[in-house]
Amino acid sequence: MLTKYNSWQLLLISVAAAIFVIYPDITWLPFELKNLDESRKMAHIIFFLFRYAFFVSLIFLLIKTNLANLKTSSFKKRFGYSLLISAIAYVVYGGISVLLFTKVRHFGSFVLFQFFVVSLLSSLMGHIIQLYIERRKKEQQIEELTVKNLESRYDALTNQINPHFFFNSLNGLTSLIRKKNDEVTLTYVNKLSDVFRYILQSDKKGLVTLREETSICRCLQVYDGNPFCQ
């Protein structure tokens with residue numbers, strides 16, 4: 001599931017996403033190296049690797065923050081938090097670039113756009129996964145309510161038909177079958193079906209009149225060991 005992840009999985013995602021973000025720098029790298037002397041090529045490559053590692057770290061931080069710490073369903077709030085973190089990282093990146101590599105030109109609008117893209121992608125990922133989690137929760141709640149509804153209907157049906165009454169009716173029917181009295185047996189089955197029909201219909205009504213209850217009670221009266229309706 002998307003809700004279960006570990007740091008290694010997030011790191012792999014960050015590595016792949018960082019390649020996508022600095023892909024223009026990758027394409028420009030051979031042309032930039034051509035115009036540099038041998039002494040500056042190594043420093044340029046090291047700075048390039050530094051930029052890539054920095055983006056990997058930033059993407060990892062943003063994704064983990066969006067997945068683990070931000071539970072909001074509002075994309076604007078999620079994007080705002082990501083922009084704030086990216087802005088701080090942008091300042092840190094610029095300071096390190098100037099102090100260690102003096103690469104001021106790599107602190108311009110294009111790099112700022114890259115940080116913006118990182119924030120946007122991380123926010124989208126967190127927002128989509130959060131929506132997925134909320135949808136799964138709603139589906140689970142619907143499934144639980146469906147199961148509870150079926151259980152309640154089963155319990156209601158069980159309560160409608162008293163097991164003792166049902167077994168006694170079957171015993172009475174068995175007795176009539178053994179006596180081979182077909183007319184009485186058919187009457188017994190018909191009246192018994194009327195009783196069960198009444199039980200099911202009365203449950204749907206909720207309330208029944210006293211006359212209906214009296215009528216069904218007459219059906220349960222015993223004559224010669226068998227219930228008949230008068």
# chains A, B, ... in the order shown; residues from 1 in each chain; ligands from 1
$ residues_around --residues "A:Gln9" --least-positions-apart "6" --cutoff "12 Å" --atoms "only C-alpha atoms" --output "PyMOL selection string"
chain A and resi 2+15-16+60+63-64
$ atom_distance --atom1 "atom CA of A:Val147" --atom2 "atom CA of A:Val195"
29.2 Å
$ closest_residue --among "A:Asn171, A:Ser39, A:Ser82, A:Gln114" --to "A:Pro24" --atoms "only C-alpha atoms"
A:Gln114
$ residues_around --residues "A:Thr185" --least-positions-apart "5" --cutoff "8 Å" --atoms "only C-alpha atoms" --output "PyMOL selection string"
chain A and resi 173+176-177
$ write_last_selection --atoms "N, CA, C and O atoms" --output "PDB file, in the first residue's frame"
ATOM      1  N   LEU A 173     -45.402 -31.463  11.765  1.00  0.00           N
ATOM      2  CA  LEU A 173     -45.551 -31.869  10.366  1.00  0.00           C
ATOM      3  C   LEU A 173     -45.081 -33.307  10.167  1.00  0.00           C
ATOM      4  O   LEU A 173     -45.705 -34.084   9.431  1.00  0.00           O
ATOM      5  N   LEU A 176     -47.776 -35.655  11.343  1.00  0.00           N
ATOM      6  CA  LEU A 176     -48.895 -35.762  10.403  1.00  0.00           C
ATOM      7  C   LEU A 176     -48.523 -36.605   9.186  1.00  0.00           C
ATOM      8  O   LEU A 176     -49.342 -37.357   8.657  1.00  0.00           O
ATOM      9  N   ILE A 177     -47.299 -36.472   8.745  1.00  0.00           N
ATOM     10  CA  ILE A 177     -46.855 -37.265   7.590  1.00  0.00           C
ATOM     11  C   ILE A 177     -46.859 -38.750   7.934  1.00  0.00           C
ATOM     12  O   ILE A 177     -47.253 -39.601   7.123  1.00  0.00           O
TER      13      ILE A 177
END
$ closest_residue --among "A:Arg153, A:Gly126, A:Arg136, A:Lys191" --to "A:Ala68" --atoms "only C-alpha atoms"
A:Gly126
$ atom_distance --atom1 "atom CA of A:Leu112" --atom2 "atom CA of A:Tyr23"
15.0 Å
$ atom_distance --atom1 "atom CA of A:Leu12" --atom2 "atom CA of A:Ser57"
11.2 Å
$ residues_around --residues "stretch 93-102 of chain A" --least-positions-apart "5" --cutoff "9 Å" --atoms "only C-alpha atoms" --output "ChimeraX atom specification"
/A:43-44,47,51,54,88,107
$ residues_around --residues "A:Phe75" --least-positions-apart "3" --cutoff "8 Å" --atoms "only C-alpha atoms" --output "PyMOL selection string"
chain A and resi 72+78-79+123-124+127
